[in-house]
Amino acid sequence: MIKLLKNLRPFWISISIISILVFLQAISELYLPNLMSDIVDTGIVNGDTNYILRIGGMMLLVALAAGVFTITASYMTAKTAVAFGKVLRNKVFSRVESYSLQEFNKIGTASLITRTTNDINQMQNVVLIILRMMIYAPLMFIGGVIMSIQKDARLAMILVVALPVLILLIFAVMKKGIPLFKAMQKKLDKVNLVFREGLTGIRVIRAFNRTGHESARFDEASLDLTQTGIQVNRLMAVMMPVMFLIINLVTIAVVWFGGHRIDSGAMQVGDLMAFIQYIMRIMFSLMMLSMMFVFLPRASASAVRINEVLDMHPEIVDPENPLTSSGITGRVEFRNVSFVYPGAEEPALKNISFAAGPGETTAIIGSTGSGKTTLVSMIPRFYEAASGTVLVDGIPVSEMSQEYLRSKIGFVPQKTSLFTGSVLENIRFGKDDATEEEVAHAAGIAQATDFIMERGGYDSLITQGGTNVSGGQKQRLSIARALVRKPEIYIFDDSFSALDFKTDARLRRAMKSETAASTVIIVSQRVGSILNADRIIVLDKGEICGIGKHKELLGICGVYREIVSSQLSEEELA
């Protein structure tokens, strides 16, 4: 947690002012019982009204000053804590944005969301408590002890018995509380995971009539979190009454023994009243510290989780001296490339070698799980090759900066992603400075103009995840987003699967001239979509079992012939 608290350095001026204000607040509050003691022992005993009014006025001024210090310190503390939370959120988000797909898989999306929200809120809350109580509570404790000893050292011996009991209670709660708070954060991850899956998969859940099953899953995860929360709250519920019981017993002891001290003439009434006030301040300062220790275990558990995100370095990083290509080409080459997913027994890709140049269309086909998406994901360096080399323009992709490499690529993923905003903003996601004419041109080639106009034009809104457009419309918008970029390399990962054959044919005809100077790589399940490709790569269990044109592969590649015969009739094959 100390590592995260170092992010408070930019706010050292605010923290210094808060410290001074809290110090003045504590001194003011410690001075008040002393003034009250003077009023009783001098003013009331002697019947000196002027003295009472003068000291009473001083008490009022001190109380007002303490109020001003408290309000100002509270405002500045809240502002600093919120700013600290903002810094942490920005750092976590920036770190997550730099992750490769492998790091995402290690932590999980649901856990990343929890860490960015709930865990950072816990840290924000603990900073709020530390800035308010870390200085105030120790000052009140030390000041209270000194002032109580000053009033009556013998009576202050009661603290020797009471304080160890309170301190032991606080440490016992901490020891039991830390594991529970850690467990709570993990169980909160589980609740978020189930809830997120329930929302994103609502159509599938309803289609298979599994609403009851999902409700039971959520109830189970929620109940697990609730039971741990109840354990924590029971712990807190026991601690607070016990602390109040000890405080009240100490007060009774002070009144009892203090009465005897007054009776013997060793102590005055005003001093006893002030002594009780100081004892109460000592006890309440310990209660504040205990509350801080209640929050610290949970914040500590959250800090560990946040540090896991910040300390996880991406496996895919830019080289110190990145290379750039001379001129615009877009040539892609794989040289004996293999790739293994972490924890997998078998490689997803084995000894992949081929080249694709500008003006050519390279198609990749194969059965489900043959490694098609993994292969094209290695071109923009979403994954790093286990062995071999992926080259773009003759330069290994590992020797280019990721930004430069990806600026050369227009990528249309298998799973289409649209963002909340207008149609115009979604297409411009491929090129920030694209003009409206460029956007309209890309949409026209992607065969998206008609449905865009039917929806109300380019300013019509797309909801989160594109849930208010069909699958085919999402694919066309995603294709338009790649086309508006005018890249050197186009990668279409099964990006035409939701299109009807008529729209597919029109789109490909329109794209032919647009992508004529670029390298086009298409992953497709439809044989009809790749018949005219310059090169067809057939994958089987992560290996290339055939490369060539359609007619060549029919004669030399059994896997390709099986795929073709499952989709085309004998007349079409002929």
# chains A, B, ... in the order shown; residues from 1 in each chain; ligands from 1
call {"tool": "residues_around", "arguments": {"residues": "stretch 176-188 of chain A", "least_positions_apart": "3", "cutoff": "10 Å", "atoms": "only C-alpha atoms", "output": "number ranges by chain"}}
result
A: 110-111, 114-115, 118-119, 171-173, 191-193, 221-229, 231-233, 235-236, 293-302, 304-305
call {"tool": "write_last_selection", "arguments": {"atoms": "C-alpha atoms", "output": "PDB file, in the first residue's frame"}}
result
ATOM      1  CA  ALA A 110     -14.408  -8.711 -14.613  1.00  0.00           C
ATOM      2  CA  SER A 111     -11.507  -8.514 -12.161  1.00  0.00           C
ATOM      3  CA  THR A 114     -13.470  -4.387  -9.993  1.00  0.00           C
ATOM      4  CA  ARG A 115      -9.882  -3.268  -9.470  1.00  0.00           C
ATOM      5  CA  ASN A 118     -14.118  -0.820  -6.089  1.00  0.00           C
ATOM      6  CA  ASP A 119     -10.444  -1.358  -5.200  1.00  0.00           C
ATOM      7  CA  PHE A 171      -4.840  -6.026  16.977  1.00  0.00           C
ATOM      8  CA  ALA A 172      -7.131  -9.038  17.403  1.00  0.00           C
ATOM      9  CA  VAL A 173      -9.675  -7.453  15.071  1.00  0.00           C
ATOM     10  CA  VAL A 191     -20.225 -11.425  -8.489  1.00  0.00           C
ATOM     11  CA  ASN A 192     -19.090  -8.976 -11.179  1.00  0.00           C
ATOM     12  CA  LEU A 193     -18.107 -11.824 -13.479  1.00  0.00           C
ATOM     13  CA  ALA A 221     -22.046 -15.804  -5.861  1.00  0.00           C
ATOM     14  CA  SER A 222     -23.995 -13.055  -4.095  1.00  0.00           C
ATOM     15  CA  LEU A 223     -24.726 -15.277  -1.091  1.00  0.00           C
ATOM     16  CA  ASP A 224     -21.047 -16.186  -0.822  1.00  0.00           C
ATOM     17  CA  LEU A 225     -20.134 -12.472  -0.764  1.00  0.00           C
ATOM     18  CA  THR A 226     -22.957 -11.740   1.698  1.00  0.00           C
ATOM     19  CA  GLN A 227     -21.836 -14.422   4.143  1.00  0.00           C
ATOM     20  CA  THR A 228     -18.280 -13.054   4.173  1.00  0.00           C
ATOM     21  CA  GLY A 229     -19.679  -9.526   4.564  1.00  0.00           C
ATOM     22  CA  GLN A 231     -18.653 -12.189   9.155  1.00  0.00           C
ATOM     23  CA  VAL A 232     -16.844  -8.858   8.759  1.00  0.00           C
ATOM     24  CA  ASN A 233     -19.773  -6.868  10.102  1.00  0.00           C
ATOM     25  CA  LEU A 235     -16.544  -8.617  13.875  1.00  0.00           C
ATOM     26  CA  MET A 236     -17.102  -4.857  13.744  1.00  0.00           C
ATOM     27  CA  PHE A 293      -7.258  -0.190  11.274  1.00  0.00           C
ATOM     28  CA  VAL A 294     -10.620  -1.564  10.164  1.00  0.00           C
ATOM     29  CA  PHE A 295     -10.270   0.190   6.807  1.00  0.00           C
ATOM     30  CA  LEU A 296      -6.556  -0.526   6.416  1.00  0.00           C
ATOM     31  CA  PRO A 297      -6.878  -4.327   5.979  1.00  0.00           C
ATOM     32  CA  ARG A 298      -9.452  -3.926   3.209  1.00  0.00           C
ATOM     33  CA  ALA A 299      -7.432  -1.140   1.593  1.00  0.00           C
ATOM     34  CA  SER A 300      -4.321  -3.300   1.945  1.00  0.00           C
ATOM     35  CA  ALA A 301      -6.051  -6.148   0.096  1.00  0.00           C
ATOM     36  CA  SER A 302      -7.168  -3.694  -2.593  1.00  0.00           C
ATOM     37  CA  VAL A 304      -2.200  -5.679  -3.542  1.00  0.00           C
ATOM     38  CA  ARG A 305      -4.717  -6.169  -6.360  1.00  0.00           C
TER      39      ARG A 305
END
call {"tool": "residues_around", "arguments": {"residues": "A:Lys549", "least_positions_apart": "6", "cutoff": "12 Å", "atoms": "only C-alpha atoms", "output": "list in words"}}
result
Thr361, Thr362, Ala363, Ile364, Val527, Ile530, Leu531, Asn532, Ala533, Asp534, Arg535, Ile536, Ile537, Val538, Gly555, Ile556, Cys557 and Tyr560 of chain A
call {"tool": "residues_around", "arguments": {"residues": "A:Thr42", "least_positions_apart": "6", "cutoff": "9 Å", "atoms": "only C-alpha atoms", "output": "list in words"}}
result
Asp48, Tyr51, Ile52 and Gly270 of chain A
call {"tool": "select_by_dssp", "arguments": {"residues": "stretch 291-540 of chain A", "states": "helix (DSSP H, G or I)", "output": "mmCIF file with N, CA and C atoms, in the first residue's frame"}}
result
data_model
loop_
_atom_site.group_PDB
_atom_site.id
_atom_site.type_symbol
_atom_site.label_atom_id
_atom_site.label_comp_id
_atom_site.auth_asym_id
_atom_site.auth_seq_id
_atom_site.Cartn_x
_atom_site.Cartn_y
_atom_site.Cartn_z
ATOM 1 N N MET A 291 -10.871 2.392 13.953
ATOM 2 C CA MET A 291 -11.633 2.508 12.713
ATOM 3 C C MET A 291 -10.690 2.564 11.510
ATOM 4 N N MET A 292 -9.565 3.243 11.699
ATOM 5 C CA MET A 292 -8.577 3.305 10.633
ATOM 6 C C MET A 292 -8.016 1.916 10.367
ATOM 7 N N PHE A 293 -7.775 1.157 11.438
ATOM 8 C CA PHE A 293 -7.258 -0.190 11.274
ATOM 9 C C PHE A 293 -8.297 -1.137 10.674
ATOM 10 N N VAL A 294 -9.562 -0.777 10.810
ATOM 11 C CA VAL A 294 -10.620 -1.564 10.164
ATOM 12 C C VAL A 294 -10.546 -1.364 8.643
ATOM 13 N N PHE A 295 -10.342 -0.104 8.232
ATOM 14 C CA PHE A 295 -10.270 0.190 6.807
ATOM 15 C C PHE A 295 -8.945 -0.252 6.190
ATOM 16 N N LEU A 296 -7.879 -0.207 6.958
ATOM 17 C CA LEU A 296 -6.556 -0.526 6.416
ATOM 18 C C LEU A 296 -6.449 -1.949 5.852
ATOM 19 N N PRO A 297 -6.977 -2.985 6.558
ATOM 20 C CA PRO A 297 -6.878 -4.327 5.979
ATOM 21 C C PRO A 297 -7.550 -4.442 4.611
ATOM 22 N N ARG A 298 -8.751 -3.852 4.495
ATOM 23 C CA ARG A 298 -9.452 -3.926 3.209
ATOM 24 C C ARG A 298 -8.697 -3.131 2.142
ATOM 25 N N ALA A 299 -8.200 -1.947 2.533
ATOM 26 C CA ALA A 299 -7.432 -1.140 1.593
ATOM 27 C C ALA A 299 -6.128 -1.854 1.225
ATOM 28 N N SER A 300 -5.552 -2.557 2.202
ATOM 29 C CA SER A 300 -4.321 -3.300 1.945
ATOM 30 C C SER A 300 -4.560 -4.404 0.916
ATOM 31 N N ALA A 301 -5.695 -5.109 1.068
ATOM 32 C CA ALA A 301 -6.051 -6.148 0.096
ATOM 33 C C ALA A 301 -6.276 -5.537 -1.283
ATOM 34 N N SER A 302 -6.931 -4.381 -1.314
ATOM 35 C CA SER A 302 -7.168 -3.694 -2.593
ATOM 36 C C SER A 302 -5.864 -3.209 -3.199
ATOM 37 N N ALA A 303 -4.949 -2.716 -2.341
ATOM 38 C CA ALA A 303 -3.663 -2.215 -2.830
ATOM 39 C C ALA A 303 -2.870 -3.328 -3.516
ATOM 40 N N VAL A 304 -2.908 -4.530 -2.942
ATOM 41 C CA VAL A 304 -2.200 -5.679 -3.542
ATOM 42 C C VAL A 304 -2.745 -5.946 -4.939
ATOM 43 N N ARG A 305 -4.072 -5.887 -5.077
ATOM 44 C CA ARG A 305 -4.717 -6.169 -6.360
ATOM 45 C C ARG A 305 -4.403 -5.078 -7.394
ATOM 46 N N ILE A 306 -4.378 -3.820 -6.936
ATOM 47 C CA ILE A 306 -4.048 -2.718 -7.853
ATOM 48 C C ILE A 306 -2.593 -2.821 -8.289
ATOM 49 N N ASN A 307 -1.713 -3.145 -7.337
ATOM 50 C CA ASN A 307 -0.285 -3.288 -7.668
ATOM 51 C C ASN A 307 -0.042 -4.445 -8.638
ATOM 52 N N GLU A 308 -0.864 -5.477 -8.550
ATOM 53 C CA GLU A 308 -0.745 -6.590 -9.503
ATOM 54 C C GLU A 308 -0.945 -6.090 -10.932
ATOM 55 N N VAL A 309 -1.913 -5.177 -11.081
ATOM 56 C CA VAL A 309 -2.192 -4.611 -12.403
ATOM 57 C C VAL A 309 -1.040 -3.711 -12.848
ATOM 58 N N LEU A 310 -0.581 -2.845 -11.937
ATOM 59 C CA LEU A 310 0.472 -1.880 -12.288
ATOM 60 C C LEU A 310 1.833 -2.547 -12.473
ATOM 61 N N ASP A 311 2.075 -3.642 -11.738
ATOM 62 C CA ASP A 311 3.385 -4.310 -11.802
ATOM 63 C C ASP A 311 3.478 -5.342 -12.919
ATOM 64 N N LYS A 372 -6.696 -19.975 -37.530
ATOM 65 C CA LYS A 372 -6.810 -18.886 -38.520
ATOM 66 C C LYS A 372 -6.738 -17.510 -37.849
ATOM 67 N N THR A 373 -7.551 -17.299 -36.805
ATOM 68 C CA THR A 373 -7.574 -16.007 -36.114
ATOM 69 C C THR A 373 -6.260 -15.741 -35.404
ATOM 70 N N THR A 374 -5.679 -16.782 -34.813
ATOM 71 C CA THR A 374 -4.381 -16.628 -34.144
ATOM 72 C C THR A 374 -3.329 -16.164 -35.145
ATOM 73 N N LEU A 375 -3.363 -16.730 -36.339
ATOM 74 C CA LEU A 375 -2.374 -16.386 -37.365
ATOM 75 C C LEU A 375 -2.462 -14.899 -37.742
ATOM 76 N N VAL A 376 -3.662 -14.434 -38.073
ATOM 77 C CA VAL A 376 -3.776 -13.022 -38.500
ATOM 78 C C VAL A 376 -3.578 -12.061 -37.325
ATOM 79 N N SER A 377 -3.811 -12.530 -36.093
ATOM 80 C CA SER A 377 -3.592 -11.676 -34.917
ATOM 81 C C SER A 377 -2.117 -11.422 -34.660
ATOM 82 N N VAL A 397 8.227 -7.649 -37.001
ATOM 83 C CA VAL A 397 7.266 -6.789 -36.304
ATOM 84 C C VAL A 397 7.740 -6.463 -34.887
ATOM 85 N N SER A 398 8.577 -7.340 -34.312
ATOM 86 C CA SER A 398 9.095 -7.102 -32.964
ATOM 87 C C SER A 398 10.092 -5.946 -32.933
ATOM 88 N N GLU A 399 10.583 -5.527 -34.113
ATOM 89 C CA GLU A 399 11.540 -4.425 -34.181
ATOM 90 C C GLU A 399 10.885 -3.106 -34.589
ATOM 91 N N GLN A 402 4.687 -0.564 -31.868
ATOM 92 C CA GLN A 402 3.332 -1.073 -32.088
ATOM 93 C C GLN A 402 2.452 -0.031 -32.778
ATOM 94 N N GLU A 403 2.636 1.230 -32.413
ATOM 95 C CA GLU A 403 1.828 2.293 -33.021
ATOM 96 C C GLU A 403 2.105 2.395 -34.516
ATOM 97 N N TYR A 404 3.384 2.356 -34.873
ATOM 98 C CA TYR A 404 3.753 2.455 -36.291
ATOM 99 C C TYR A 404 3.244 1.238 -37.068
ATOM 100 N N LEU A 405 3.452 0.056 -36.495
ATOM 101 C CA LEU A 405 3.010 -1.176 -37.159
ATOM 102 C C LEU A 405 1.507 -1.146 -37.417
ATOM 103 N N ARG A 406 0.744 -0.800 -36.384
ATOM 104 C CA ARG A 406 -0.718 -0.859 -36.504
ATOM 105 C C ARG A 406 -1.287 0.276 -37.345
ATOM 106 N N SER A 407 -0.488 1.342 -37.532
ATOM 107 C CA SER A 407 -0.941 2.426 -38.418
ATOM 108 C C SER A 407 -0.963 1.972 -39.874
ATOM 109 N N VAL A 423 -22.825 7.138 -35.755
ATOM 110 C CA VAL A 423 -22.266 6.327 -36.839
ATOM 111 C C VAL A 423 -20.980 6.975 -37.350
ATOM 112 N N LEU A 424 -21.009 8.305 -37.482
ATOM 113 C CA LEU A 424 -19.832 9.045 -37.947
ATOM 114 C C LEU A 424 -18.630 8.807 -37.039
ATOM 115 N N GLU A 425 -18.842 8.873 -35.722
ATOM 116 C CA GLU A 425 -17.749 8.668 -34.763
ATOM 117 C C GLU A 425 -17.211 7.246 -34.833
ATOM 118 N N ASN A 426 -18.095 6.271 -35.053
ATOM 119 C CA ASN A 426 -17.647 4.877 -35.128
ATOM 120 C C ASN A 426 -16.795 4.624 -36.367
ATOM 121 N N ILE A 427 -17.168 5.224 -37.495
ATOM 122 C CA ILE A 427 -16.355 5.043 -38.702
ATOM 123 C C ILE A 427 -15.046 5.819 -38.573
ATOM 124 N N ARG A 428 -15.123 7.016 -37.975
ATOM 125 C CA ARG A 428 -13.914 7.826 -37.788
ATOM 126 C C ARG A 428 -12.951 7.214 -36.771
ATOM 127 N N GLU A 436 -15.977 14.191 -43.800
ATOM 128 C CA GLU A 436 -17.299 13.573 -43.984
ATOM 129 C C GLU A 436 -17.383 12.888 -45.336
ATOM 130 N N GLU A 437 -16.689 13.444 -46.335
ATOM 131 C CA GLU A 437 -16.683 12.828 -47.666
ATOM 132 C C GLU A 437 -15.967 11.477 -47.625
ATOM 133 N N GLU A 438 -14.849 11.422 -46.904
ATOM 134 C CA GLU A 438 -14.119 10.162 -46.776
ATOM 135 C C GLU A 438 -14.942 9.114 -46.040
ATOM 136 N N VAL A 439 -15.643 9.553 -45.000
ATOM 137 C CA VAL A 439 -16.504 8.635 -44.242
ATOM 138 C C VAL A 439 -17.618 8.102 -45.128
ATOM 139 N N ALA A 440 -18.249 9.002 -45.900
ATOM 140 C CA ALA A 440 -19.341 8.596 -46.787
ATOM 141 C C ALA A 440 -18.834 7.654 -47.871
ATOM 142 N N HIS A 441 -17.627 7.919 -48.377
ATOM 143 C CA HIS A 441 -17.035 7.055 -49.408
ATOM 144 C C HIS A 441 -16.784 5.648 -48.854
ATOM 145 N N ALA A 442 -16.205 5.574 -47.651
ATOM 146 C CA ALA A 442 -15.942 4.269 -47.030
ATOM 147 C C ALA A 442 -17.237 3.522 -46.753
ATOM 148 N N ALA A 443 -18.249 4.244 -46.285
ATOM 149 C CA ALA A 443 -19.551 3.607 -46.013
ATOM 150 C C ALA A 443 -20.186 3.098 -47.291
ATOM 151 N N GLY A 444 -20.010 3.847 -48.387
ATOM 152 C CA GLY A 444 -20.570 3.414 -49.667
ATOM 153 C C GLY A 444 -19.931 2.129 -50.154
ATOM 154 N N ILE A 445 -18.614 2.038 -50.052
ATOM 155 C CA ILE A 445 -17.912 0.818 -50.472
ATOM 156 C C ILE A 445 -18.330 -0.365 -49.596
ATOM 157 N N THR A 449 -24.366 2.597 -46.764
ATOM 158 C CA THR A 449 -25.042 3.896 -46.926
ATOM 159 C C THR A 449 -26.544 3.788 -46.758
ATOM 160 N N ASP A 450 -27.158 2.782 -47.385
ATOM 161 C CA ASP A 450 -28.627 2.674 -47.355
ATOM 162 C C ASP A 450 -29.168 2.555 -45.935
ATOM 163 N N PHE A 451 -28.627 1.623 -45.153
ATOM 164 C CA PHE A 451 -29.185 1.455 -43.805
ATOM 165 C C PHE A 451 -28.815 2.617 -42.890
ATOM 166 N N ILE A 452 -27.678 3.286 -43.150
ATOM 167 C CA ILE A 452 -27.315 4.464 -42.352
ATOM 168 C C ILE A 452 -28.344 5.567 -42.574
ATOM 169 N N MET A 453 -28.721 5.787 -43.840
ATOM 170 C CA MET A 453 -29.714 6.823 -44.151
ATOM 171 C C MET A 453 -31.096 6.463 -43.602
ATOM 172 N N GLU A 454 -31.424 5.188 -43.632
ATOM 173 C CA GLU A 454 -32.706 4.748 -43.074
ATOM 174 C C GLU A 454 -32.773 4.978 -41.568
ATOM 175 N N ARG A 455 -31.612 4.914 -40.915
ATOM 176 C CA ARG A 455 -31.546 5.125 -39.464
ATOM 177 C C ARG A 455 -31.562 6.600 -39.073
ATOM 178 N N GLN A 464 -24.336 1.029 -26.758
ATOM 179 C CA GLN A 464 -23.167 0.276 -26.284
ATOM 180 C C GLN A 464 -23.142 -1.116 -26.893
ATOM 181 N N GLY A 465 -22.003 -1.443 -27.522
ATOM 182 C CA GLY A 465 -21.851 -2.753 -28.144
ATOM 183 C C GLY A 465 -22.587 -2.889 -29.466
ATOM 184 N N GLY A 466 -23.223 -1.805 -29.940
ATOM 185 C CA GLY A 466 -23.949 -1.858 -31.207
ATOM 186 C C GLY A 466 -25.179 -2.735 -31.156
ATOM 187 N N GLY A 471 -26.325 -7.853 -36.997
ATOM 188 C CA GLY A 471 -24.973 -8.373 -37.142
ATOM 189 C C GLY A 471 -24.331 -7.954 -38.455
ATOM 190 N N GLY A 472 -25.113 -8.019 -39.544
ATOM 191 C CA GLY A 472 -24.593 -7.614 -40.848
ATOM 192 C C GLY A 472 -24.277 -6.133 -40.909
ATOM 193 N N GLN A 473 -25.125 -5.315 -40.275
ATOM 194 C CA GLN A 473 -24.879 -3.871 -40.244
ATOM 195 C C GLN A 473 -23.629 -3.553 -39.433
ATOM 196 N N LYS A 474 -23.446 -4.272 -38.334
ATOM 197 C CA LYS A 474 -22.231 -4.081 -37.531
ATOM 198 C C LYS A 474 -20.983 -4.414 -38.348
ATOM 199 N N GLN A 475 -21.046 -5.509 -39.105
ATOM 200 C CA GLN A 475 -19.890 -5.893 -39.908
ATOM 201 C C GLN A 475 -19.589 -4.844 -40.974
ATOM 202 N N ARG A 476 -20.626 -4.290 -41.600
ATOM 203 C CA ARG A 476 -20.396 -3.281 -42.641
ATOM 204 C C ARG A 476 -19.810 -1.996 -42.057
ATOM 205 N N LEU A 477 -20.267 -1.602 -40.863
ATOM 206 C CA LEU A 477 -19.695 -0.422 -40.222
ATOM 207 C C LEU A 477 -18.241 -0.677 -39.832
ATOM 208 N N SER A 478 -17.963 -1.900 -39.390
ATOM 209 C CA SER A 478 -16.605 -2.268 -39.006
ATOM 210 C C SER A 478 -15.683 -2.276 -40.229
ATOM 211 N N ILE A 479 -16.196 -2.731 -41.361
ATOM 212 C CA ILE A 479 -15.427 -2.728 -42.618
ATOM 213 C C ILE A 479 -15.183 -1.288 -43.075
ATOM 214 N N ALA A 480 -16.221 -0.442 -42.962
ATOM 215 C CA ALA A 480 -16.069 0.977 -43.328
ATOM 216 C C ALA A 480 -15.010 1.652 -42.461
ATOM 217 N N ARG A 481 -14.948 1.284 -41.187
ATOM 218 C CA ARG A 481 -13.960 1.829 -40.256
ATOM 219 C C ARG A 481 -12.536 1.488 -40.710
ATOM 220 N N ALA A 482 -12.345 0.298 -41.272
ATOM 221 C CA ALA A 482 -11.020 -0.091 -41.780
ATOM 222 C C ALA A 482 -10.732 0.593 -43.114
ATOM 223 N N LEU A 483 -11.757 0.699 -43.973
ATOM 224 C CA LEU A 483 -11.556 1.289 -45.298
ATOM 225 C C LEU A 483 -11.204 2.767 -45.241
ATOM 226 N N PHE A 501 -25.459 -13.161 -49.526
ATOM 227 C CA PHE A 501 -24.568 -13.360 -50.674
ATOM 228 C C PHE A 501 -24.599 -12.178 -51.643
ATOM 229 N N LYS A 502 -25.763 -11.557 -51.791
ATOM 230 C CA LYS A 502 -25.893 -10.433 -52.726
ATOM 231 C C LYS A 502 -25.073 -9.238 -52.229
ATOM 232 N N THR A 503 -25.217 -8.903 -50.932
ATOM 233 C CA THR A 503 -24.456 -7.786 -50.353
ATOM 234 C C THR A 503 -22.975 -8.100 -50.354
ATOM 235 N N ASP A 504 -22.630 -9.353 -50.043
ATOM 236 C CA ASP A 504 -21.237 -9.790 -50.034
ATOM 237 C C ASP A 504 -20.598 -9.574 -51.403
ATOM 238 N N ALA A 505 -21.306 -9.986 -52.450
ATOM 239 C CA ALA A 505 -20.773 -9.855 -53.809
ATOM 240 C C ALA A 505 -20.585 -8.378 -54.185
ATOM 241 N N ARG A 506 -21.585 -7.529 -53.861
ATOM 242 C CA ARG A 506 -21.494 -6.099 -54.169
ATOM 243 C C ARG A 506 -20.320 -5.458 -53.424
ATOM 244 N N LEU A 507 -20.161 -5.840 -52.161
ATOM 245 C CA LEU A 507 -19.099 -5.266 -51.336
ATOM 246 C C LEU A 507 -17.734 -5.643 -51.893
ATOM 247 N N ARG A 508 -17.567 -6.889 -52.299
ATOM 248 C CA ARG A 508 -16.266 -7.327 -52.804
ATOM 249 C C ARG A 508 -15.922 -6.643 -54.129
ATOM 250 N N ARG A 509 -16.937 -6.445 -54.982
ATOM 251 C CA ARG A 509 -16.702 -5.739 -56.249
ATOM 252 C C ARG A 509 -16.263 -4.301 -55.985
ATOM 253 N N ALA A 510 -16.942 -3.660 -55.027
ATOM 254 C CA ALA A 510 -16.617 -2.267 -54.700
ATOM 255 C C ALA A 510 -15.239 -2.159 -54.059
ATOM 256 N N MET A 511 -14.868 -3.168 -53.277
ATOM 257 C CA MET A 511 -13.579 -3.142 -52.579
ATOM 258 C C MET A 511 -12.398 -3.398 -53.501
ATOM 259 N N LYS A 512 -12.664 -4.052 -54.632
ATOM 260 C CA LYS A 512 -11.559 -4.497 -55.483
ATOM 261 C C LYS A 512 -10.663 -3.337 -55.923
ATOM 262 N N SER A 513 -11.270 -2.264 -56.399
ATOM 263 C CA SER A 513 -10.469 -1.114 -56.837
ATOM 264 C C SER A 513 -9.904 -0.343 -55.645
ATOM 265 N N GLU A 514 -10.652 -0.311 -54.539
ATOM 266 C CA GLU A 514 -10.229 0.438 -53.349
ATOM 267 C C GLU A 514 -8.984 -0.169 -52.712
ATOM 268 N N VAL A 527 -16.309 -20.840 -48.931
ATOM 269 C CA VAL A 527 -15.454 -21.126 -50.084
ATOM 270 C C VAL A 527 -15.786 -20.171 -51.216
ATOM 271 N N GLY A 528 -17.064 -19.852 -51.379
ATOM 272 C CA GLY A 528 -17.484 -18.971 -52.465
ATOM 273 C C GLY A 528 -16.863 -17.591 -52.388
ATOM 274 N N SER A 529 -16.451 -17.176 -51.192
ATOM 275 C CA SER A 529 -15.881 -15.846 -51.012
ATOM 276 C C SER A 529 -14.402 -15.778 -51.375
#
call {"tool": "residues_around", "arguments": {"residues": "A:Ile27", "least_positions_apart": "2", "cutoff": "12 Å", "atoms": "only C-alpha atoms", "output": "list of chain:residue names"}}
result
A:Ile20, A:Leu21, A:Val22, A:Phe23, A:Leu24, A:Gln25, A:Glu29, A:Leu30, A:Tyr31, A:Leu32, A:Pro33, A:Asn34, A:Val62, A:Ala63, A:Ala65, A:Ala66, A:Phe69, A:Thr70, A:Ile135, A:Tyr136, A:Ala137, A:Pro138, A:Leu139, A:Met140, A:Phe141, A:Ile142, A:Gly143, A:Gly144, A:Met147
call {"tool": "atom_distance", "arguments": {"atom1": "atom CA of A:Gly371", "atom2": "atom CA of A:Leu553"}}
result
19.2 Å
call {"tool": "atom_distance", "arguments": {"atom1": "atom CA of A:Ser94", "atom2": "atom CA of A:Ala78"}}
result
24.4 Å
call {"tool": "select_by_dssp", "arguments": {"residues": "stretch 406-456 of chain A", "states": "strand (DSSP E or B)", "output": "PyMOL selection string"}}
result
chain A and resi 409-412+421-422
call {"tool": "residues_around", "arguments": {"residues": "A:Glu315", "least_positions_apart": "3", "cutoff": "8 Å", "atoms": "only C-alpha atoms", "output": "count of residues only"}}
result
3
call {"tool": "closest_residue", "arguments": {"among": "A:Ser495, A:Ser98, A:Ser422, A:Ser74", "to": "A:His313", "atoms": "only C-alpha atoms"}}
result
A:Ser98
call {"tool": "closest_residue", "arguments": {"among": "A:Ala356, A:Ala386, A:Val469, A:Val127", "to": "A:Ala83", "atoms": "only C-alpha atoms"}}
result
A:Val127
call {"tool": "residues_around", "arguments": {"residues": "A:Thr467", "least_positions_apart": "5", "cutoff": "10 Å", "atoms": "only C-alpha atoms", "output": "list of chain:residue names"}}
result
A:Leu418, A:Thr420, A:Ile462, A:Lys474
call {"tool": "atom_distance", "arguments": {"atom1": "atom CA of A:Arg331", "atom2": "atom CA of A:Val392"}}
result
5.6 Å
call {"tool": "closest_residue", "arguments": {"among": "A:Ile202, A:Met1, A:Val160, A:Ile395", "to": "A:Met123", "atoms": "only C-alpha atoms"}}
result
A:Met1
call {"tool": "residues_around", "arguments": {"residues": "A:Met267", "least_positions_apart": "3", "cutoff": "12 Å", "atoms": "only C-alpha atoms", "output": "list of chain:residue names"}}
result
A:Ser37, A:Asp41, A:Gln150, A:Lys151, A:Asp152, A:Ala153, A:Arg154, A:Leu155, A:Val255, A:Phe257, A:Gly258, A:Gly259, A:His260, A:Arg261, A:Ile262, A:Asp263, A:Ser264, A:Gly270, A:Asp271, A:Leu272, A:Met273, A:Ala274, A:Phe275
call {"tool": "closest_residue", "arguments": {"among": "A:Ile158, A:Thr80, A:Pro487, A:Pro314", "to": "A:Phe104", "atoms": "only C-alpha atoms"}}
result
A:Pro314
call {"tool": "decode", "arguments": {"residues": "stretch 549-558 of chain A", "atoms": "C-alpha atoms", "output": "compact mmCIF listing (two decimals), in the first residue's frame"}}
result
# COMPACT_ATOMS: atom_id res chain seq x y z
CA LYS A 549 -5.19 -21.17 -56.08
CA HIS A 550 -8.61 -22.77 -55.94
CA LYS A 551 -8.19 -25.21 -58.82
CA GLU A 552 -4.68 -26.20 -57.78
CA LEU A 553 -5.76 -27.00 -54.23
CA LEU A 554 -8.67 -29.12 -55.42
CA GLY A 555 -6.15 -31.49 -56.94
CA ILE A 556 -3.42 -31.48 -54.30
CA CYS A 557 -5.09 -30.78 -50.91
CA GLY A 558 -7.55 -33.28 -49.48
